[in-house]
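One structure is given here, and the rest of the page talks about it.
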Amino acid sequence: MSAFGSTYAVVAKDIRSEWRTRYAVNSLLMFVVTAVSIILFALRSVDPNPELLSGMLWVVIFFTAMSGMSRVFVSEEERGTTLTLQLVATPTVIYFGKLLFNSVLILFLSFIITAMYMIFFSGFTIQSPGVYVISVVLGSLGFASASTIIAAIIAKTRSRGTLYAVLLFPLLIIPLMVGMSSTIKALEGSTLSEALSDFQVLASYLMVMVAGSYLLFDYVWKE
Amino acid sequence: MNSFKLVVRDLTKDFNRRSIFRQLAFSLTVGDSLAITGKNGSGKSTLSKILAGVLSPSQGTVEYFLDGVRIQEEQMKDTVGFVSPYLNLYEEFSAVENLKILSQIRSNKKRFEERADELIRMVGLWPRRDDPVGIYSSGMKQRLKYAFALLHEPQILILDEPTSNLDEEGMELVKEVVRRQKKNGILIVATNDSLEAKWCKKKIVLKVSST
């Protein structure tokens with residue numbers, strides 16, 4: 001029970017810190033607005049089909065994860081508070097706390113991105129809301145799980161930005177491709193059973209990433 | 001008085017191919033105090049971090065025992081207090097918020113409720129307790145580190161450069177903390193200052209390694 005309480009306390013600390021400093025949210029929201037605006041201008045003279053819209057949606061979610069998710073560990077390192085956290089919590093508590101915070105952040109941003117697409121793109125009509133929600137939630141959690149462990153690995157290095165993109169890109173290909181595929185199905189009105197194989201891949205990816213990260217994190221966190 | 005014990009065996013630390021220290025071995029019990037001294041770069045802070053359980057040694061072990069039973073690695077954090085120049089508290093939170101949040105993460109909120117006010121008063125930050133730590137002076141931040149280190153009543157207190165940034169009143173505070181810790185637990189001080197080293201009964205001098 002105390003491990004759950006400690007994990008919750010780490011998430012609450014990060015949310016409260018984010019609320020005070022706006023360290024990540026403001027820049028990510030600005031990025032989302034800019035990216036959706038550029039896509040809107042680029043596609044103004046064409047009638048985008050579900051494949052194109054799904055691809056563009058996941059491109060924005062992908063780059064949001066690439067640009068913002070590393071901050072959970074990089075900000076601790078830059079502020080010199082990593083040692084403080086090491087003194088009060090076990091690596092497991094820190095890992096799951098940071099994973100949960102990244103999950104909450106990317107789900108919030110995915111919700112904003114979806115709302116913007118629904119407002120600005122007339123062709124973005126979700127025919128199967130259930131399929132869409134499961135696709136975005138599983139895909140976003142997959143992004144959060146990969147981003148969190150890579151963020152922990154690169155936080156102690158000097159060339160963080162480059163290394164983060166290089167290490168993360170191959171890991172995000174699977175949820176990106178499968179997320180796009182299941183989102184097309186949601187826009188075309190497929191049933192849950194028709195999208196089941198995509199959900200199985202996304203859920204398996206999530207479980208493998210979380211289990212692997214959990215085993216690796218001890219070595220990454222403690223020098 | 002409990003029978004808390006710190007046992008260090010064959011402790012070695014290398015960074016890349018450079019050896020920092022080799023095969024250190026000692027044990028400390030309640031009432032013991034140890035000064036770690038040596039020139040800059042000799043590994044005082046590194047040894048302090050290893051003893052606090054936040055850095056892994058290249059070889060050897062650091063173990064804590066309570067009544068003869070080895071304390072699991074995950075529980076070691078509940079028995080050690082650490083003050084270090086490498087440790088920072090959250091600048092966007094106040095002194096009270098820092099202690100409360102870190103107690104919650106450590107799962108001992110009860111201790112926070114019992115001790116936070118007393119400790120903030122003790123370190124002289126009561127009038128500024130609700131100000132964000134970001135606007136504190138370096139001496140005030142150092143005082144707050146003592147409140148953080150003592151909040152959970154640790155059996156081992158490790159002080160790395162204990163009086164850095166402190167004024168005369170702050171130094172008196174540290175002497176009082178040292179006096180109490182020597183009575184109730186184990187004290188380890190990593191310092192270059194010969195006067196601070198004299199606070200302790202035992203002493204290790206680390207040599208700067210050439211390899």
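Each chain in the structure tokens gets a letter, A, B, ..., in the order shown, and its residues are numbered from 1; ligands are numbered from 1 in order too.
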**Report entry** Within 9 Å of Lys98 in chain A using only C-alpha atoms, minus same-chain residues under 4 positions, as a list in words
**Finding:** Thr7, Val10, Val11, Asp14, Val72, Phe73, Val93, Ile94, Asn102, Ser103 and Thr148 of chain A
Within 7 Å of chain B, which residues of chain A come that close, and what is the closest atom pair and distance in Å for each? Count only C-alpha atoms and give it as CSV.
```
residue,atom,partner,partner_atom,distance
A:Ser2,CA,B:Ser107,CA,6.0
A:Gly5,CA,B:Ser107,CA,6.8
A:Ser6,CA,B:Ile105,CA,4.3
A:Ala9,CA,B:Ile105,CA,5.2
A:Val10,CA,B:Ile105,CA,6.1
A:Lys13,CA,B:Ile101,CA,6.7
A:Ser17,CA,B:Glu92,CA,6.8
A:Arg20,CA,B:Glu92,CA,6.7
A:Gly80,CA,B:Asn88,CA,5.4
A:Thr81,CA,B:Asn88,CA,5.1
A:Leu83,CA,B:Leu87,CA,5.7
A:Thr84,CA,B:Leu87,CA,5.9
A:Gln86,CA,B:Val54,CA,6.1
A:Leu87,CA,B:Lys77,CA,5.6
A:Val88,CA,B:Arg106,CA,4.9
A:Ala89,CA,B:Arg106,CA,5.8
A:Thr90,CA,B:Glu74,CA,6.0
A:Lys222,CA,B:Leu55,CA,5.8
A:Glu223,CA,B:Leu55,CA,5.5
```
Would you mind exporting the chosen residues as a compact mmCIF listing (two decimals), in the first residue's frame, restricted to N, CA, C and O atoms?
```txt
# COMPACT_ATOMS: atom_id res chain seq x y z
N SER A 2 1.98 1.25 0.77
CA SER A 2 2.80 2.46 0.86
C SER A 2 3.48 2.76 -0.47
O SER A 2 3.71 3.92 -0.80
N GLY A 5 1.01 4.64 -2.44
CA GLY A 5 0.93 6.00 -1.88
C GLY A 5 2.12 6.85 -2.32
O GLY A 5 1.96 8.01 -2.71
N SER A 6 3.32 6.26 -2.30
CA SER A 6 4.52 6.98 -2.71
C SER A 6 4.48 7.31 -4.20
O SER A 6 4.86 8.40 -4.62
N ALA A 9 2.24 10.07 -4.72
CA ALA A 9 2.87 11.31 -4.24
C ALA A 9 3.86 11.87 -5.28
O ALA A 9 3.98 13.08 -5.43
N VAL A 10 4.56 10.98 -6.00
CA VAL A 10 5.48 11.43 -7.06
C VAL A 10 4.68 12.10 -8.19
O VAL A 10 5.05 13.18 -8.67
N LYS A 13 3.35 15.40 -6.99
CA LYS A 13 4.45 16.38 -6.95
C LYS A 13 4.73 16.94 -8.33
O LYS A 13 4.87 18.16 -8.52
N SER A 17 4.20 20.71 -9.50
CA SER A 17 5.37 21.42 -10.00
C SER A 17 5.09 21.99 -11.40
O SER A 17 5.43 23.13 -11.69
N ARG A 20 2.93 25.01 -11.24
CA ARG A 20 3.64 26.22 -10.81
C ARG A 20 4.58 26.75 -11.88
O ARG A 20 4.68 27.95 -12.08
N GLY A 80 18.99 19.57 -10.21
CA GLY A 80 19.79 18.94 -9.15
C GLY A 80 18.97 18.24 -8.10
O GLY A 80 19.41 18.06 -6.95
N THR A 81 17.74 17.83 -8.44
CA THR A 81 16.87 17.19 -7.46
C THR A 81 16.83 15.66 -7.60
O THR A 81 16.11 14.99 -6.86
N LEU A 83 19.18 13.55 -6.81
CA LEU A 83 19.70 12.98 -5.56
C LEU A 83 18.64 13.02 -4.45
O LEU A 83 18.51 12.07 -3.66
N THR A 84 17.86 14.10 -4.41
CA THR A 84 16.80 14.23 -3.41
C THR A 84 15.78 13.10 -3.57
O THR A 84 15.38 12.47 -2.59
N GLN A 86 16.30 10.24 -5.04
CA GLN A 86 16.95 8.95 -4.72
C GLN A 86 16.94 8.68 -3.22
O GLN A 86 16.89 7.54 -2.79
N LEU A 87 16.98 9.76 -2.44
CA LEU A 87 17.02 9.60 -0.97
C LEU A 87 15.66 9.28 -0.37
O LEU A 87 15.59 8.83 0.77
N VAL A 88 14.58 9.57 -1.09
CA VAL A 88 13.25 9.37 -0.48
C VAL A 88 12.43 8.24 -1.09
O VAL A 88 11.41 7.87 -0.53
N ALA A 89 12.84 7.73 -2.25
CA ALA A 89 11.98 6.72 -2.89
C ALA A 89 12.80 5.64 -3.57
O ALA A 89 13.94 5.87 -3.98
N THR A 90 12.18 4.47 -3.70
CA THR A 90 12.85 3.37 -4.40
C THR A 90 12.75 3.61 -5.91
O THR A 90 11.86 4.34 -6.38
N LYS A 222 20.26 4.29 -10.59
CA LYS A 222 21.36 4.31 -9.63
C LYS A 222 22.66 4.15 -10.41
O LYS A 222 22.88 3.11 -11.00
N GLU A 223 23.48 5.18 -10.41
CA GLU A 223 24.71 5.16 -11.22
C GLU A 223 25.61 4.00 -10.82
O GLU A 223 25.76 3.71 -9.66
```
Report task. Name the closest residue to Ser58 in chain B among the candidates B:Ala197, B:Val208, B:Leu166, B:Leu24; distances are taken between atoms, counting only C-alpha atoms. Result -> B:Leu24
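Proximity to Ala95 in chain B was assessed for B:Ile188, B:Ile135, B:Leu144, B:Val177 counting only C-alpha atoms; the smallest distance is recorded for B:Leu144.
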All helix (DSSP H, G or I) residues (DSSP, backbone) inside chain A, as an mmCIF file with C-alpha atoms, in the first residue's frame:
```cif
data_model
loop_
_atom_site.group_PDB
_atom_site.id
_atom_site.type_symbol
_atom_site.label_atom_id
_atom_site.label_comp_id
_atom_site.auth_asym_id
_atom_site.auth_seq_id
_atom_site.Cartn_x
_atom_site.Cartn_y
_atom_site.Cartn_z
ATOM 1 C CA SER A 2 2.799 2.456 0.856
ATOM 2 C CA ALA A 3 4.401 1.940 -2.586
ATOM 3 C CA PHE A 4 1.108 2.999 -4.201
ATOM 4 C CA GLY A 5 0.929 6.002 -1.882
ATOM 5 C CA SER A 6 4.522 6.983 -2.714
ATOM 6 C CA THR A 7 3.900 6.559 -6.456
ATOM 7 C CA TYR A 8 0.822 8.737 -6.195
ATOM 8 C CA ALA A 9 2.869 11.312 -4.244
ATOM 9 C CA VAL A 10 5.479 11.432 -7.060
ATOM 10 C CA VAL A 11 2.737 12.037 -9.660
ATOM 11 C CA ALA A 12 1.077 14.667 -7.449
ATOM 12 C CA LYS A 13 4.446 16.381 -6.948
ATOM 13 C CA ASP A 14 5.085 16.504 -10.710
ATOM 14 C CA ILE A 15 1.584 17.805 -11.486
ATOM 15 C CA ARG A 16 1.895 20.469 -8.795
ATOM 16 C CA SER A 17 5.373 21.417 -10.001
ATOM 17 C CA GLU A 18 4.107 21.612 -13.594
ATOM 18 C CA TRP A 19 1.202 23.792 -12.469
ATOM 19 C CA ARG A 20 3.640 26.225 -10.806
ATOM 20 C CA THR A 21 6.391 26.296 -13.441
ATOM 21 C CA VAL A 25 2.645 22.056 -20.787
ATOM 22 C CA ASN A 26 2.919 25.562 -22.249
ATOM 23 C CA SER A 27 5.573 24.650 -24.803
ATOM 24 C CA LEU A 28 3.760 21.428 -25.743
ATOM 25 C CA LEU A 29 0.418 23.200 -26.182
ATOM 26 C CA MET A 30 2.149 25.817 -28.335
ATOM 27 C CA PHE A 31 3.708 23.025 -30.383
ATOM 28 C CA VAL A 32 0.330 21.292 -30.832
ATOM 29 C CA VAL A 33 -1.409 24.521 -31.936
ATOM 30 C CA THR A 34 1.411 25.363 -34.376
ATOM 31 C CA ALA A 35 1.572 21.854 -35.847
ATOM 32 C CA VAL A 36 -2.218 21.584 -36.347
ATOM 33 C CA SER A 37 -2.272 25.073 -37.914
ATOM 34 C CA ILE A 38 0.482 24.159 -40.394
ATOM 35 C CA ILE A 39 -1.326 20.947 -41.342
ATOM 36 C CA LEU A 40 -4.552 22.940 -41.767
ATOM 37 C CA PHE A 41 -2.842 25.389 -44.152
ATOM 38 C CA ALA A 42 -1.073 22.585 -46.036
ATOM 39 C CA PRO A 50 -9.233 9.090 -43.402
ATOM 40 C CA GLU A 51 -5.762 7.660 -44.193
ATOM 41 C CA LEU A 52 -4.245 11.131 -44.541
ATOM 42 C CA LEU A 53 -6.045 12.547 -41.488
ATOM 43 C CA SER A 54 -5.078 9.560 -39.365
ATOM 44 C CA GLY A 55 -1.451 9.910 -40.450
ATOM 45 C CA MET A 56 -1.420 13.639 -39.694
ATOM 46 C CA LEU A 57 -3.035 13.049 -36.263
ATOM 47 C CA TRP A 58 -0.374 10.551 -35.250
ATOM 48 C CA VAL A 59 2.438 12.729 -36.614
ATOM 49 C CA VAL A 60 1.391 15.457 -34.159
ATOM 50 C CA ILE A 61 1.088 12.988 -31.239
ATOM 51 C CA PHE A 62 4.459 11.457 -32.219
ATOM 52 C CA PHE A 63 6.335 14.771 -32.245
ATOM 53 C CA THR A 64 4.603 15.845 -29.034
ATOM 54 C CA ALA A 65 6.029 12.718 -27.368
ATOM 55 C CA MET A 66 9.433 13.340 -28.960
ATOM 56 C CA SER A 67 9.591 16.945 -27.753
ATOM 57 C CA GLY A 68 8.025 16.850 -24.304
ATOM 58 C CA ARG A 71 11.339 16.507 -19.310
ATOM 59 C CA VAL A 72 10.243 14.271 -16.426
ATOM 60 C CA PHE A 73 13.827 13.204 -15.832
ATOM 61 C CA VAL A 74 15.762 15.988 -17.565
ATOM 62 C CA SER A 75 14.154 18.652 -15.356
ATOM 63 C CA GLU A 76 15.113 16.708 -12.189
ATOM 64 C CA GLU A 77 18.679 16.431 -13.472
ATOM 65 C CA GLU A 78 18.922 20.100 -14.461
ATOM 66 C CA ARG A 79 17.541 21.279 -11.112
ATOM 67 C CA THR A 82 17.667 13.678 -8.708
ATOM 68 C CA LEU A 83 19.698 12.976 -5.559
ATOM 69 C CA THR A 84 16.803 14.231 -3.407
ATOM 70 C CA LEU A 85 14.414 11.784 -5.067
ATOM 71 C CA GLN A 86 16.945 8.949 -4.720
ATOM 72 C CA LEU A 87 17.019 9.598 -0.974
ATOM 73 C CA VAL A 88 13.254 9.374 -0.485
ATOM 74 C CA PRO A 91 13.562 3.169 -8.161
ATOM 75 C CA THR A 92 10.262 1.314 -8.702
ATOM 76 C CA VAL A 93 8.259 4.128 -7.116
ATOM 77 C CA ILE A 94 10.091 6.757 -9.191
ATOM 78 C CA TYR A 95 9.668 4.811 -12.445
ATOM 79 C CA PHE A 96 5.939 4.240 -12.062
ATOM 80 C CA GLY A 97 5.393 7.802 -10.794
ATOM 81 C CA LYS A 98 7.139 9.277 -13.833
ATOM 82 C CA LEU A 99 5.391 6.830 -16.200
ATOM 83 C CA LEU A 100 1.997 7.821 -14.792
ATOM 84 C CA PHE A 101 2.797 11.528 -15.095
ATOM 85 C CA ASN A 102 3.891 11.111 -18.734
ATOM 86 C CA SER A 103 0.758 9.038 -19.413
ATOM 87 C CA VAL A 104 -1.512 11.728 -17.954
ATOM 88 C CA LEU A 105 0.335 14.410 -19.957
ATOM 89 C CA ILE A 106 0.160 12.635 -23.319
ATOM 90 C CA LEU A 107 -3.488 11.594 -22.823
ATOM 91 C CA PHE A 108 -4.374 15.212 -22.032
ATOM 92 C CA LEU A 109 -2.523 16.409 -25.151
ATOM 93 C CA SER A 110 -4.091 13.663 -27.311
ATOM 94 C CA PHE A 111 -7.503 14.863 -26.125
ATOM 95 C CA ILE A 112 -6.621 18.452 -27.123
ATOM 96 C CA ILE A 113 -5.271 17.299 -30.519
ATOM 97 C CA THR A 114 -8.434 15.240 -31.166
ATOM 98 C CA ALA A 115 -10.662 18.205 -30.250
ATOM 99 C CA MET A 116 -8.704 20.477 -32.617
ATOM 100 C CA TYR A 117 -8.971 17.961 -35.471
ATOM 101 C CA MET A 118 -12.726 17.619 -34.917
ATOM 102 C CA ILE A 119 -13.151 21.401 -34.968
ATOM 103 C CA PHE A 120 -10.874 22.260 -37.907
ATOM 104 C CA PRO A 129 -15.918 6.259 -31.002
ATOM 105 C CA GLY A 130 -15.061 3.082 -29.049
ATOM 106 C CA VAL A 131 -12.389 2.027 -31.563
ATOM 107 C CA TYR A 132 -11.003 5.576 -31.666
ATOM 108 C CA VAL A 133 -10.737 5.943 -27.873
ATOM 109 C CA ILE A 134 -9.038 2.560 -27.424
ATOM 110 C CA SER A 135 -6.622 3.310 -30.314
ATOM 111 C CA VAL A 136 -5.574 6.698 -28.988
ATOM 112 C CA VAL A 137 -5.371 5.563 -25.351
ATOM 113 C CA LEU A 138 -3.300 2.425 -26.101
ATOM 114 C CA GLY A 139 -1.123 4.224 -28.668
ATOM 115 C CA SER A 140 -0.499 7.186 -26.344
ATOM 116 C CA LEU A 141 0.318 4.898 -23.402
ATOM 117 C CA GLY A 142 2.737 3.016 -25.664
ATOM 118 C CA PHE A 143 4.409 6.327 -26.505
ATOM 119 C CA ALA A 144 4.554 7.266 -22.802
ATOM 120 C CA SER A 145 6.099 3.919 -21.808
ATOM 121 C CA ALA A 146 8.896 4.137 -24.406
ATOM 122 C CA SER A 147 9.486 7.854 -23.821
ATOM 123 C CA THR A 148 9.805 7.458 -20.040
ATOM 124 C CA ILE A 149 12.591 4.875 -20.011
ATOM 125 C CA ILE A 150 14.521 6.601 -22.807
ATOM 126 C CA ALA A 151 14.181 9.900 -20.887
ATOM 127 C CA ALA A 152 15.693 8.226 -17.808
ATOM 128 C CA ILE A 153 18.595 6.875 -19.898
ATOM 129 C CA ILE A 154 19.459 10.157 -21.625
ATOM 130 C CA ARG A 160 20.362 14.761 -24.520
ATOM 131 C CA GLY A 161 18.289 16.172 -27.383
ATOM 132 C CA THR A 162 19.998 14.259 -30.174
ATOM 133 C CA LEU A 163 20.290 11.044 -28.216
ATOM 134 C CA TYR A 164 16.624 11.142 -27.180
ATOM 135 C CA ALA A 165 15.390 11.389 -30.770
ATOM 136 C CA VAL A 166 17.838 8.761 -32.048
ATOM 137 C CA LEU A 167 16.969 6.204 -29.353
ATOM 138 C CA LEU A 168 13.238 6.894 -29.269
ATOM 139 C CA PHE A 169 12.406 6.924 -32.980
ATOM 140 C CA PRO A 170 12.875 3.177 -33.638
ATOM 141 C CA LEU A 171 10.933 2.318 -30.476
ATOM 142 C CA LEU A 172 7.935 4.453 -31.452
ATOM 143 C CA ILE A 173 7.561 3.035 -34.972
ATOM 144 C CA ILE A 174 5.385 0.101 -33.823
ATOM 145 C CA PRO A 175 2.741 2.071 -31.848
ATOM 146 C CA LEU A 176 2.829 4.763 -34.540
ATOM 147 C CA MET A 177 2.050 2.385 -37.430
ATOM 148 C CA VAL A 178 -0.516 0.324 -35.532
ATOM 149 C CA GLY A 179 -2.131 3.430 -34.011
ATOM 150 C CA MET A 180 -2.537 4.893 -37.496
ATOM 151 C CA SER A 181 -4.077 1.656 -38.768
ATOM 152 C CA SER A 182 -6.648 1.419 -35.957
ATOM 153 C CA THR A 183 -7.483 5.150 -36.193
ATOM 154 C CA ILE A 184 -8.289 4.720 -39.915
ATOM 155 C CA LYS A 185 -10.654 1.908 -38.883
ATOM 156 C CA ALA A 186 -12.310 4.233 -36.327
ATOM 157 C CA LEU A 187 -12.789 6.941 -38.965
ATOM 158 C CA GLU A 188 -14.199 4.418 -41.460
ATOM 159 C CA LEU A 196 -9.037 -6.256 -32.291
ATOM 160 C CA SER A 197 -5.750 -7.373 -33.870
ATOM 161 C CA ASP A 198 -4.439 -3.783 -33.729
ATOM 162 C CA PHE A 199 -5.445 -3.480 -30.069
ATOM 163 C CA GLN A 200 -3.667 -6.754 -29.273
ATOM 164 C CA VAL A 201 -0.436 -5.434 -30.812
ATOM 165 C CA LEU A 202 -0.706 -2.096 -28.958
ATOM 166 C CA ALA A 203 -1.510 -3.786 -25.621
ATOM 167 C CA SER A 204 1.348 -6.288 -26.053
ATOM 168 C CA TYR A 205 3.762 -3.477 -26.911
ATOM 169 C CA LEU A 206 2.692 -1.570 -23.801
ATOM 170 C CA MET A 207 3.142 -4.603 -21.525
ATOM 171 C CA VAL A 208 6.562 -5.470 -22.971
ATOM 172 C CA MET A 209 7.787 -1.870 -22.712
ATOM 173 C CA VAL A 210 6.592 -1.456 -19.104
ATOM 174 C CA ALA A 211 7.998 -4.835 -17.995
ATOM 175 C CA GLY A 212 11.346 -4.231 -19.740
ATOM 176 C CA SER A 213 11.601 -0.690 -18.379
ATOM 177 C CA TYR A 214 10.772 -1.854 -14.852
ATOM 178 C CA LEU A 215 13.628 -4.389 -14.993
ATOM 179 C CA LEU A 216 16.072 -1.897 -16.532
ATOM 180 C CA PHE A 217 15.249 1.157 -14.436
ATOM 181 C CA ASP A 218 17.200 0.121 -11.308
ATOM 182 C CA TYR A 219 20.438 0.149 -13.293
ATOM 183 C CA VAL A 220 19.630 3.406 -15.064
ATOM 184 C CA TRP A 221 18.525 5.301 -11.963
#
```
